[in-house]
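Structure file run-v9.txt (compact mmCIF, C-alpha atoms) follows.
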# COMPACT_ATOMS: atom_id res chain seq x y z
CA MET A 7 66.58 136.45 76.67
CA PRO A 8 63.70 134.58 74.98
CA GLY A 9 63.84 131.94 77.72
CA LEU A 10 63.53 134.52 80.49
CA ILE A 11 60.72 136.36 78.68
CA ILE A 12 58.73 133.12 78.48
CA LEU A 13 59.64 132.16 82.03
CA TYR A 14 58.66 135.53 83.49
CA ALA A 15 55.41 135.77 81.55
CA SER A 16 54.28 132.31 82.67
CA ILE A 17 55.50 132.14 86.27
CA VAL A 18 53.60 135.23 87.46
CA LYS A 19 49.84 135.58 87.62
CA LYS A 20 48.01 136.33 84.40
CA LYS A 21 47.45 140.07 84.84
CA TRP A 22 51.19 140.61 85.25
CA ALA A 23 52.27 138.43 82.34
CA VAL A 24 52.54 141.05 79.60
CA ASN A 25 54.19 143.62 81.87
CA SER A 26 56.73 141.07 83.12
CA ALA A 27 57.66 139.94 79.62
CA PHE A 28 57.95 143.53 78.42
CA MET A 29 60.26 144.44 81.31
CA ALA A 30 62.72 141.82 80.07
CA LEU A 31 62.40 142.87 76.42
CA TYR A 32 62.82 146.56 77.26
CA ALA A 33 65.90 145.86 79.39
CA PHE A 34 67.54 143.96 76.52
CA ALA A 35 67.03 146.84 74.11
CA ALA A 36 67.89 149.66 76.51
CA VAL A 37 71.06 147.99 77.76
CA LEU A 38 72.34 147.53 74.20
CA ILE A 39 72.07 151.22 73.34
CA CYS A 40 73.56 152.35 76.65
CA TRP A 41 76.31 149.73 76.28
CA VAL A 42 77.58 150.91 72.90
CA LEU A 43 77.18 154.59 73.78
CA VAL A 44 79.12 154.53 77.03
CA GLY A 45 78.82 151.27 78.99
CA TYR A 46 81.34 149.02 77.28
CA ARG A 47 84.26 151.41 77.67
CA MET A 48 83.27 152.05 81.31
CA ALA A 49 83.47 148.31 81.96
CA PHE A 50 86.40 147.34 79.71
CA GLY A 51 88.12 150.57 78.67
CA ASP A 52 90.97 152.60 80.14
CA GLU A 53 91.05 153.31 83.85
CA LEU A 54 89.22 156.28 85.35
CA LEU A 55 89.26 154.92 88.91
CA PRO A 56 90.55 151.59 90.27
CA PHE A 57 86.99 150.27 89.97
CA TRP A 58 85.70 152.18 86.94
CA GLY A 59 86.69 152.77 83.34
CA LYS A 60 86.45 155.88 81.20
CA GLY A 61 83.14 156.04 79.41
CA ALA A 62 83.25 156.50 75.63
CA PRO A 63 81.28 155.29 72.60
CA ALA A 64 82.06 151.90 71.09
CA LEU A 65 80.62 152.71 67.69
CA GLY A 66 83.47 153.75 65.43
CA GLN A 67 84.75 151.51 62.67
CA LYS A 68 88.35 152.12 63.73
CA PHE A 69 87.61 150.69 67.17
CA LEU A 70 85.29 147.84 66.20
CA ILE A 71 87.29 146.22 63.42
CA HIS A 72 90.50 145.86 65.41
CA ARG A 73 91.36 142.59 67.09
CA ALA A 74 89.63 142.19 70.44
CA LYS A 75 91.63 142.79 73.63
CA VAL A 76 90.67 142.01 77.23
CA PRO A 77 91.35 143.94 79.36
CA GLU A 78 91.91 147.01 77.25
CA SER A 79 93.04 149.09 80.22
CA LYS A 80 96.78 149.79 80.28
CA HIS A 81 97.09 151.49 83.68
CA PHE A 82 99.09 148.52 85.01
CA PRO A 83 101.56 146.37 83.08
CA SER A 84 99.49 143.25 82.49
CA ALA A 85 98.89 140.63 79.89
CA MET A 86 95.90 140.81 77.59
CA VAL A 87 93.73 138.09 76.17
CA GLU A 88 93.48 138.64 72.44
CA PRO A 89 90.78 136.45 70.87
CA PHE A 90 90.90 135.78 67.15
CA TYR A 91 87.93 137.99 66.27
CA PRO A 92 87.25 141.74 66.08
CA MET A 93 86.28 144.01 68.92
CA ALA A 94 82.71 144.22 67.57
CA SER A 95 82.15 140.58 68.55
CA LEU A 96 83.50 141.17 72.05
CA VAL A 97 81.35 144.28 72.54
CA TYR A 98 78.22 142.32 71.67
CA PHE A 99 79.18 139.25 73.69
CA GLN A 100 79.80 141.32 76.81
CA PHE A 101 76.56 143.20 76.18
CA THR A 102 74.62 139.96 76.56
CA PHE A 103 76.13 139.52 80.02
CA ALA A 104 75.12 143.05 80.98
CA ALA A 105 71.61 142.60 79.61
CA ILE A 106 71.02 139.29 81.36
CA THR A 107 72.06 140.88 84.66
CA LEU A 108 69.30 143.48 84.42
CA ILE A 109 66.77 140.87 83.31
CA LEU A 110 67.65 138.62 86.25
CA LEU A 111 67.32 141.60 88.57
CA ALA A 112 63.83 142.16 87.17
CA GLY A 113 62.80 138.80 88.66
CA SER A 114 62.76 140.44 92.10
CA VAL A 115 60.34 143.19 91.11
CA LEU A 116 57.95 141.51 88.66
CA GLY A 117 54.49 142.89 89.31
CA ARG A 118 55.96 145.30 91.86
CA MET A 119 57.61 148.07 89.83
CA ASN A 120 55.90 150.52 87.52
CA ILE A 121 57.10 150.14 83.93
CA LYS A 122 58.02 153.83 83.78
CA ALA A 123 60.18 153.46 86.87
CA TRP A 124 61.79 150.39 85.30
CA MET A 125 62.56 152.34 82.12
CA ALA A 126 64.55 154.86 84.18
CA PHE A 127 66.09 152.26 86.48
CA VAL A 128 67.69 150.11 83.75
CA PRO A 129 70.20 152.63 82.30
CA LEU A 130 71.01 154.10 85.71
CA TRP A 131 71.80 150.74 87.31
CA LEU A 132 73.78 149.61 84.29
CA ILE A 133 76.01 152.69 84.32
CA PHE A 134 76.46 153.19 88.05
CA SER A 135 76.48 149.60 89.29
CA TYR A 136 77.11 146.92 86.67
CA THR A 137 80.05 148.68 85.03
CA VAL A 138 81.78 149.00 88.41
CA GLY A 139 81.73 145.27 89.06
CA ALA A 140 82.60 144.38 85.48
CA PHE A 141 85.61 146.71 85.35
CA SER A 142 86.86 145.69 88.79
CA LEU A 143 86.83 141.96 88.02
CA TRP A 144 87.09 141.64 84.23
CA GLY A 145 88.15 144.98 82.78
CA GLY A 146 91.52 145.46 84.45
CA GLY A 147 90.37 146.96 87.75
CA PHE A 148 91.82 146.41 91.19
CA LEU A 149 90.26 142.98 91.74
CA TYR A 150 91.57 141.81 88.38
CA HIS A 151 95.07 142.76 89.42
CA TRP A 152 94.64 141.04 92.76
CA GLY A 153 94.20 137.83 90.79
CA VAL A 154 90.48 137.33 91.48
CA ILE A 155 88.94 134.96 88.91
CA ASP A 156 85.21 135.17 88.21
CA TYR A 157 84.99 132.74 85.32
CA SER A 158 81.64 133.74 83.86
CA GLY A 159 79.92 136.13 86.25
CA GLY A 160 79.15 134.59 89.63
CA TYR A 161 79.95 137.92 91.26
CA VAL A 162 79.62 140.36 88.36
CA ILE A 163 76.22 139.05 87.28
CA HIS A 164 74.50 136.92 89.91
CA LEU A 165 75.64 138.31 93.24
CA SER A 166 75.13 141.87 92.01
CA SER A 167 71.68 141.21 90.51
CA GLY A 168 70.55 139.25 93.57
CA ILE A 169 71.60 141.95 96.03
CA ALA A 170 70.22 144.76 93.87
CA GLY A 171 66.94 142.92 93.36
CA PHE A 172 66.64 142.27 97.09
CA THR A 173 67.21 145.96 97.81
CA ALA A 174 64.67 147.08 95.20
CA ALA A 175 62.11 144.55 96.42
CA TYR A 176 62.39 145.92 99.97
CA TRP A 177 60.31 148.91 98.92
CA SER A 178 57.53 146.97 97.16
CA ASP A 179 54.25 145.48 98.38
CA ARG A 180 53.68 141.83 99.23
CA GLU A 181 51.40 139.55 97.25
CA ARG A 182 51.41 135.78 96.68
CA PHE A 183 50.37 134.22 93.39
CA PRO A 184 50.40 130.92 91.45
CA PRO A 185 51.98 130.64 87.96
CA ASN A 186 49.56 131.23 85.11
CA ASN A 187 51.04 128.59 82.75
CA VAL A 188 53.24 125.81 84.11
CA LEU A 189 54.03 124.28 80.70
CA LEU A 190 55.31 127.56 79.29
CA MET A 191 57.27 128.08 82.50
CA LEU A 192 59.07 124.79 81.87
CA ALA A 193 59.69 125.73 78.23
CA GLY A 194 61.27 129.01 79.32
CA ALA A 195 63.38 127.21 81.91
CA GLY A 196 64.57 124.76 79.27
CA LEU A 197 65.62 127.56 76.93
CA LEU A 198 67.42 129.25 79.80
CA TRP A 199 69.32 126.07 80.63
CA MET A 200 70.33 125.62 77.01
CA GLY A 201 71.44 129.22 76.67
CA TRP A 202 73.56 129.00 79.82
CA SER A 203 75.89 126.61 78.01
CA GLY A 204 76.61 129.42 75.57
CA PHE A 205 77.40 131.89 78.34
CA ASN A 206 79.78 129.67 80.25
CA GLY A 207 81.13 127.99 77.14
CA GLY A 208 81.89 131.35 75.57
CA ALA A 209 83.64 132.84 78.61
CA PRO A 210 87.17 131.76 77.48
CA TYR A 211 86.61 133.72 74.23
CA ALA A 212 87.55 130.62 72.20
CA ALA A 213 86.43 127.08 71.41
CA ASN A 214 89.15 125.52 73.52
CA ILE A 215 89.68 123.04 76.36
CA ASN A 216 88.22 125.37 78.98
CA ALA A 217 85.07 125.91 76.93
CA SER A 218 84.45 122.17 76.65
CA ILE A 219 84.96 121.62 80.37
CA ALA A 220 82.76 124.62 81.21
CA VAL A 221 79.83 123.36 79.13
CA LEU A 222 79.99 119.89 80.69
CA ASN A 223 80.33 121.22 84.24
CA THR A 224 77.46 123.64 83.69
CA ASN A 225 75.06 120.87 82.78
CA ILE A 226 76.30 118.48 85.47
CA CYS A 227 75.87 121.04 88.24
CA ALA A 228 72.43 122.16 87.03
CA ALA A 229 71.15 118.58 86.79
CA THR A 230 72.50 117.66 90.22
CA SER A 231 71.03 120.78 91.82
CA LEU A 232 67.61 120.16 90.26
CA LEU A 233 67.55 116.59 91.59
CA VAL A 234 68.68 117.62 95.08
CA TRP A 235 66.11 120.45 95.32
CA THR A 236 63.33 118.14 94.12
CA SER A 237 64.39 115.44 96.59
CA LEU A 238 64.27 117.92 99.46
CA ASP A 239 60.79 119.00 98.40
CA VAL A 240 59.65 115.37 98.46
CA MET A 241 61.30 114.70 101.83
CA TYR A 242 59.86 117.74 103.61
CA PHE A 243 56.60 118.46 101.75
CA GLY A 244 55.66 114.97 100.59
CA LYS A 245 55.60 115.78 96.86
CA PRO A 246 57.82 117.33 94.20
CA SER A 247 57.30 120.90 93.02
CA VAL A 248 57.67 122.00 89.41
CA ILE A 249 58.53 125.53 90.51
CA GLY A 250 61.00 124.04 92.98
CA ALA A 251 62.64 122.06 90.19
CA VAL A 252 63.06 125.24 88.16
CA GLN A 253 64.52 127.01 91.19
CA GLY A 254 66.94 124.12 91.71
CA MET A 255 67.98 124.23 88.07
CA MET A 256 68.58 127.96 88.39
CA THR A 257 70.68 127.71 91.55
CA GLY A 258 72.81 125.01 89.93
CA LEU A 259 73.46 127.15 86.86
CA VAL A 260 74.29 130.15 89.03
CA CYS A 261 76.56 128.24 91.41
CA ILE A 262 78.75 126.76 88.68
CA THR A 263 79.09 130.04 86.79
CA PRO A 264 82.09 131.49 88.70
CA GLY A 265 84.05 128.25 88.29
CA ALA A 266 82.63 126.42 85.27
CA GLY A 267 85.97 126.05 83.52
CA LEU A 268 88.09 125.90 86.67
CA VAL A 269 86.84 122.81 88.49
CA GLN A 270 86.78 119.12 87.67
CA ALA A 271 83.56 117.29 86.87
CA TRP A 272 83.35 115.59 90.27
CA ALA A 273 83.54 119.04 91.88
CA ALA A 274 80.63 120.17 89.70
CA ILE A 275 78.55 117.40 91.28
CA VAL A 276 79.55 118.55 94.77
CA MET A 277 78.69 122.14 93.85
CA GLY A 278 75.35 120.93 92.50
CA ILE A 279 74.58 119.21 95.80
CA ALA A 280 75.44 122.40 97.67
CA SER A 281 73.48 124.66 95.31
CA GLY A 282 70.43 122.40 95.53
CA SER A 283 70.45 122.38 99.33
CA VAL A 284 71.89 125.62 100.75
CA PRO A 285 69.60 128.00 98.79
CA TRP A 286 66.71 125.62 99.52
CA VAL A 287 67.38 126.05 103.24
CA THR A 288 67.69 129.82 102.99
CA MET A 289 64.44 130.04 100.99
CA MET A 290 62.31 127.45 102.78
CA VAL A 291 63.62 127.67 106.33
CA LEU A 292 65.64 130.81 107.07
CA HIS A 293 63.33 133.05 105.04
CA LYS A 294 60.40 132.14 107.29
CA LYS A 295 62.41 132.77 110.46
CA SER A 296 64.12 136.02 109.48
CA SER A 297 62.20 139.22 110.14
CA LEU A 298 64.24 141.08 107.52
CA LEU A 299 63.62 138.51 104.79
CA GLN A 300 59.93 138.47 105.69
CA LYS A 301 59.74 142.20 105.02
CA VAL A 302 61.17 141.86 101.50
CA ASP A 303 58.79 140.84 98.72
CA ASP A 304 61.27 139.28 96.29
CA THR A 305 58.87 138.09 93.57
CA LEU A 306 60.87 135.11 92.28
CA GLY A 307 63.28 134.73 95.18
CA ALA A 308 66.23 136.13 93.22
CA PHE A 309 68.08 136.78 96.46
CA HIS A 310 68.20 133.04 97.16
CA THR A 311 68.63 131.80 93.59
CA HIS A 312 71.22 134.37 92.53
CA ALA A 313 72.83 136.16 95.48
CA VAL A 314 73.09 133.13 97.76
CA ALA A 315 73.89 130.67 94.95
CA GLY A 316 76.36 133.07 93.31
CA LEU A 317 78.24 133.68 96.55
CA LEU A 318 78.20 129.96 97.30
CA GLY A 319 79.61 129.22 93.86
CA GLY A 320 82.39 131.76 94.31
CA LEU A 321 83.43 130.27 97.64
CA LEU A 322 83.31 126.71 96.33
CA THR A 323 85.31 127.72 93.27
CA GLY A 324 88.08 128.88 95.57
CA LEU A 325 87.93 125.51 97.29
CA PHE A 326 87.76 123.25 94.22
CA ALA A 327 89.57 125.24 91.51
CA GLU A 328 92.14 123.08 89.76
CA PRO A 329 95.47 124.92 89.24
CA ALA A 330 96.05 123.18 85.92
CA LEU A 331 92.70 124.45 84.63
CA CYS A 332 93.34 127.94 85.97
CA ARG A 333 96.55 128.07 83.93
CA LEU A 334 94.55 127.51 80.77
CA ILE A 335 92.69 130.80 81.14
CA LEU A 336 95.35 132.97 82.74
CA PRO A 337 96.94 135.13 80.01
CA LEU A 338 100.65 134.83 79.32
CA LEU A 339 102.89 137.62 80.50
CA ILE A 340 105.11 138.49 77.55
CA GLY A 341 108.62 139.56 78.52
CA ASP A 342 110.93 141.99 76.77
CA ASP A 343 112.69 139.11 75.01
CA ALA A 344 109.50 138.28 73.13
CA VAL A 345 109.60 141.67 71.47
CA HIS A 346 112.89 140.68 69.89
CA GLY A 347 111.52 137.38 68.64
CA GLU A 348 112.79 135.28 71.53
CA GLU A 349 110.87 133.05 73.90
CA ALA A 350 107.90 134.25 75.94
CA TYR A 351 107.71 134.02 79.69
CA ALA A 352 104.63 132.37 81.10
CA LEU A 353 102.62 133.20 84.19
CA TRP A 354 103.02 129.76 85.75
CA GLY A 355 106.67 130.29 86.69
CA ASP A 356 108.34 133.64 87.28
CA GLY A 357 111.26 133.68 84.87
CA GLU A 358 110.52 130.19 83.54
CA LYS A 359 110.96 129.97 79.80
CA TYR A 360 108.39 128.44 77.51
CA ASP A 361 109.07 124.76 76.92
CA PRO A 362 106.84 123.22 74.20
CA THR A 363 107.27 119.74 75.68
CA LYS A 364 106.04 120.99 79.03
CA HIS A 365 103.69 123.86 78.29
CA GLY A 366 102.62 123.39 74.68
CA TRP A 367 99.20 122.35 73.43
CA ASN A 368 100.64 119.05 72.19
CA THR A 369 100.92 117.92 75.81
CA SER A 370 97.97 118.10 78.19
CA VAL A 371 98.42 119.30 81.76
CA TYR A 372 97.32 115.83 82.76
CA GLY A 373 99.93 114.05 80.65
CA GLU A 374 97.56 113.16 77.83
CA GLU A 375 98.70 113.60 74.24
CA LEU A 376 96.68 116.15 72.30
CA ALA A 377 96.66 116.70 68.55
CA PRO A 378 98.76 119.74 67.61
CA SER A 379 96.94 122.70 66.13
CA PRO A 380 97.56 123.17 62.40
CA TYR A 381 97.24 126.93 62.83
CA ILE A 382 99.15 127.89 65.98
CA ASN A 383 102.64 126.78 66.90
CA GLY A 384 103.49 128.06 70.34
CA ALA A 385 102.06 128.99 73.70
CA ARG A 386 98.43 130.00 74.07
CA GLY A 387 98.09 133.75 73.92
CA VAL A 388 101.25 134.48 71.92
CA THR A 389 100.54 136.50 68.78
CA ILE A 390 101.88 134.74 65.70
CA ASN A 391 102.95 136.85 62.73
CA LEU A 392 101.36 135.16 59.74
Taking this structure as input, can you express it in the form of structure tokens?
Amino acid sequence: MPGLIILYASIVKKKWAVNSAFMALYAFAAVLICWVLVGYRMAFGDELLPFWGKGAPALGQKFLIHRAKVPESKHFPSAMVEPFYPMASLVYFQFTFAAITLILLAGSVLGRMNIKAWMAFVPLWLIFSYTVGAFSLWGGGFLYHWGVIDYSGGYVIHLSSGIAGFTAAYWSDRERFPPNNVLLMLAGAGLLWMGWSGFNGGAPYAANINASIAVLNTNICAATSLLVWTSLDVMYFGKPSVIGAVQGMMTGLVCITPGAGLVQAWAAIVMGIASGSVPWVTMMVLHKKSSLLQKVDDTLGAFHTHAVAGLLGGLLTGLFAEPALCRLILPLLIGDDAVHGEEAYALWGDGEKYDPTKHGWNTSVYGEELAPSPYINGARGVTINL
């Protein structure tokens, strides 16, 4: 949030700086209150519709001190991820995803939307749009049960904010402007890049193998995308662009988000090349040739940097996702035998019993020996009675 406030205030022209920064700050505060009052349970609670949860407050001590569960919905027999921290931590962590979505959406309407209209727009879009996508993909909705994996929000956050921002910007006026402070713009971009490691690294809800891979892939893809975008600027315009470099960094971060912990490092480089070139083409070439895109005054080009890059990342994740890495984040399905203290049945083989020499943490999926955990003896996701 601080990175985007600095970025927004410095990338627009001076008379819009305060309003742009305040839009981001207001969204962060408003989303938090709406989230704990009704939003969290709509996105991660019990089912109301196949794409929507039942709204309810997430404020009571009885609810917040219990061990976190994702998804909480029990309308289908499914496994739950149960991180080793209370529900209060999960409520806040997921709030940051919701808040960042609204703040990213704001990039399309900076200097275009009245602050009073924005104050009404934020809670309405959160409740009637964001919670739908979050429940469908993460909260136990129909896409979750279809097996769709959105690792850290390529669809839930970036595709939704890019499309919504594009739609909102359709109704605003056009005006070009230079940034009012390039150095602060770079500082904000740097904070954003650093914070992205926390988002993608925290998506597995634990400091585990997936988190480490996600952080590395996030930075690899962002760096590759920045270099590719800058190289294209030099090739076609004769000189690099600082704003272009920031856009390339952003598209790289967005592209890797749906698959940060699911792809190998070499695939992160390939995704970085794609995210530094495909959105560049849509922004620099197709935008100028499309009559529809010409009508839309997307202030910071969020359609290209988030919608296009997010969709691209989702498609490439399906292409490059490593099954062994996917198994690390898929929750275990606990059979009836586990209730009686017997072995659990894992998702990777229907009816296949847990074998510590094959599935345990002491043996890597790549055949490498890993140090056994001093705290957990068994398969990931199995509750141990201490």
Between CA of Leu149 (chain A) and CA of Val37 (chain A) - distance in Å to one decimal
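These two atoms are separated by 24.3 Å.
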Exercise: region 46-54 of chain A partners within 7 Å, all atoms listed in the file, chain neighbours under 5 positions left out, as a list in words
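Listed by chain and then number, they are Trp41, Gly59, Lys60, Gly61, Ala62, Ala64, Pro77, Glu78, Ser79, Lys80, His81, Val97, Thr137, Val138, Ala140, Phe141 and Gly145 of chain A.
Closest approach to Val154 (chain A) among A:Ile249, A:Gln67, A:Leu331, A:Gly265: A:Gly265, based on only C-alpha atoms.
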Please indicate the distance in Å from CA of Val128 (chain A) to CA of Ile106 (chain A), rounded to one decimal place.
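CA of Ile106 (chain A) lies 11.6 Å from CA of Val128 (chain A).
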Choose the residue, out of A:Val252, A:Leu233, A:Met289, A:Ser167, that has the smallest atom-to-atom separation from Ile275 (chain A); count all atoms listed in the file.
A:Leu233
Nearby residues (all atoms listed in the file) at most 10 Å from Ala126 (chain A), same-chain spacing under 5 positions excluded, as a ChimeraX atom specification:
/A:36,121,131
Got a sec to check which residues sit within 12 Å of (89.9, 138.9, 90.8), counting only C-alpha atoms, and write them as a VMD selection string?
chain A and resid 57 139 to 162 264 320 324 336
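CA of Ile17 (chain A) is positioned 6.1 Å from CA of Asn186 (chain A).
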Shell of 12 Å around His164 (chain A), only C-alpha atoms, local chain residues under 2 positions omitted, as a PyMOL selection string
chain A and resi 103-104+106-111+113+136+139-140+156+158-162+166-172+256-257+259-264+308-320
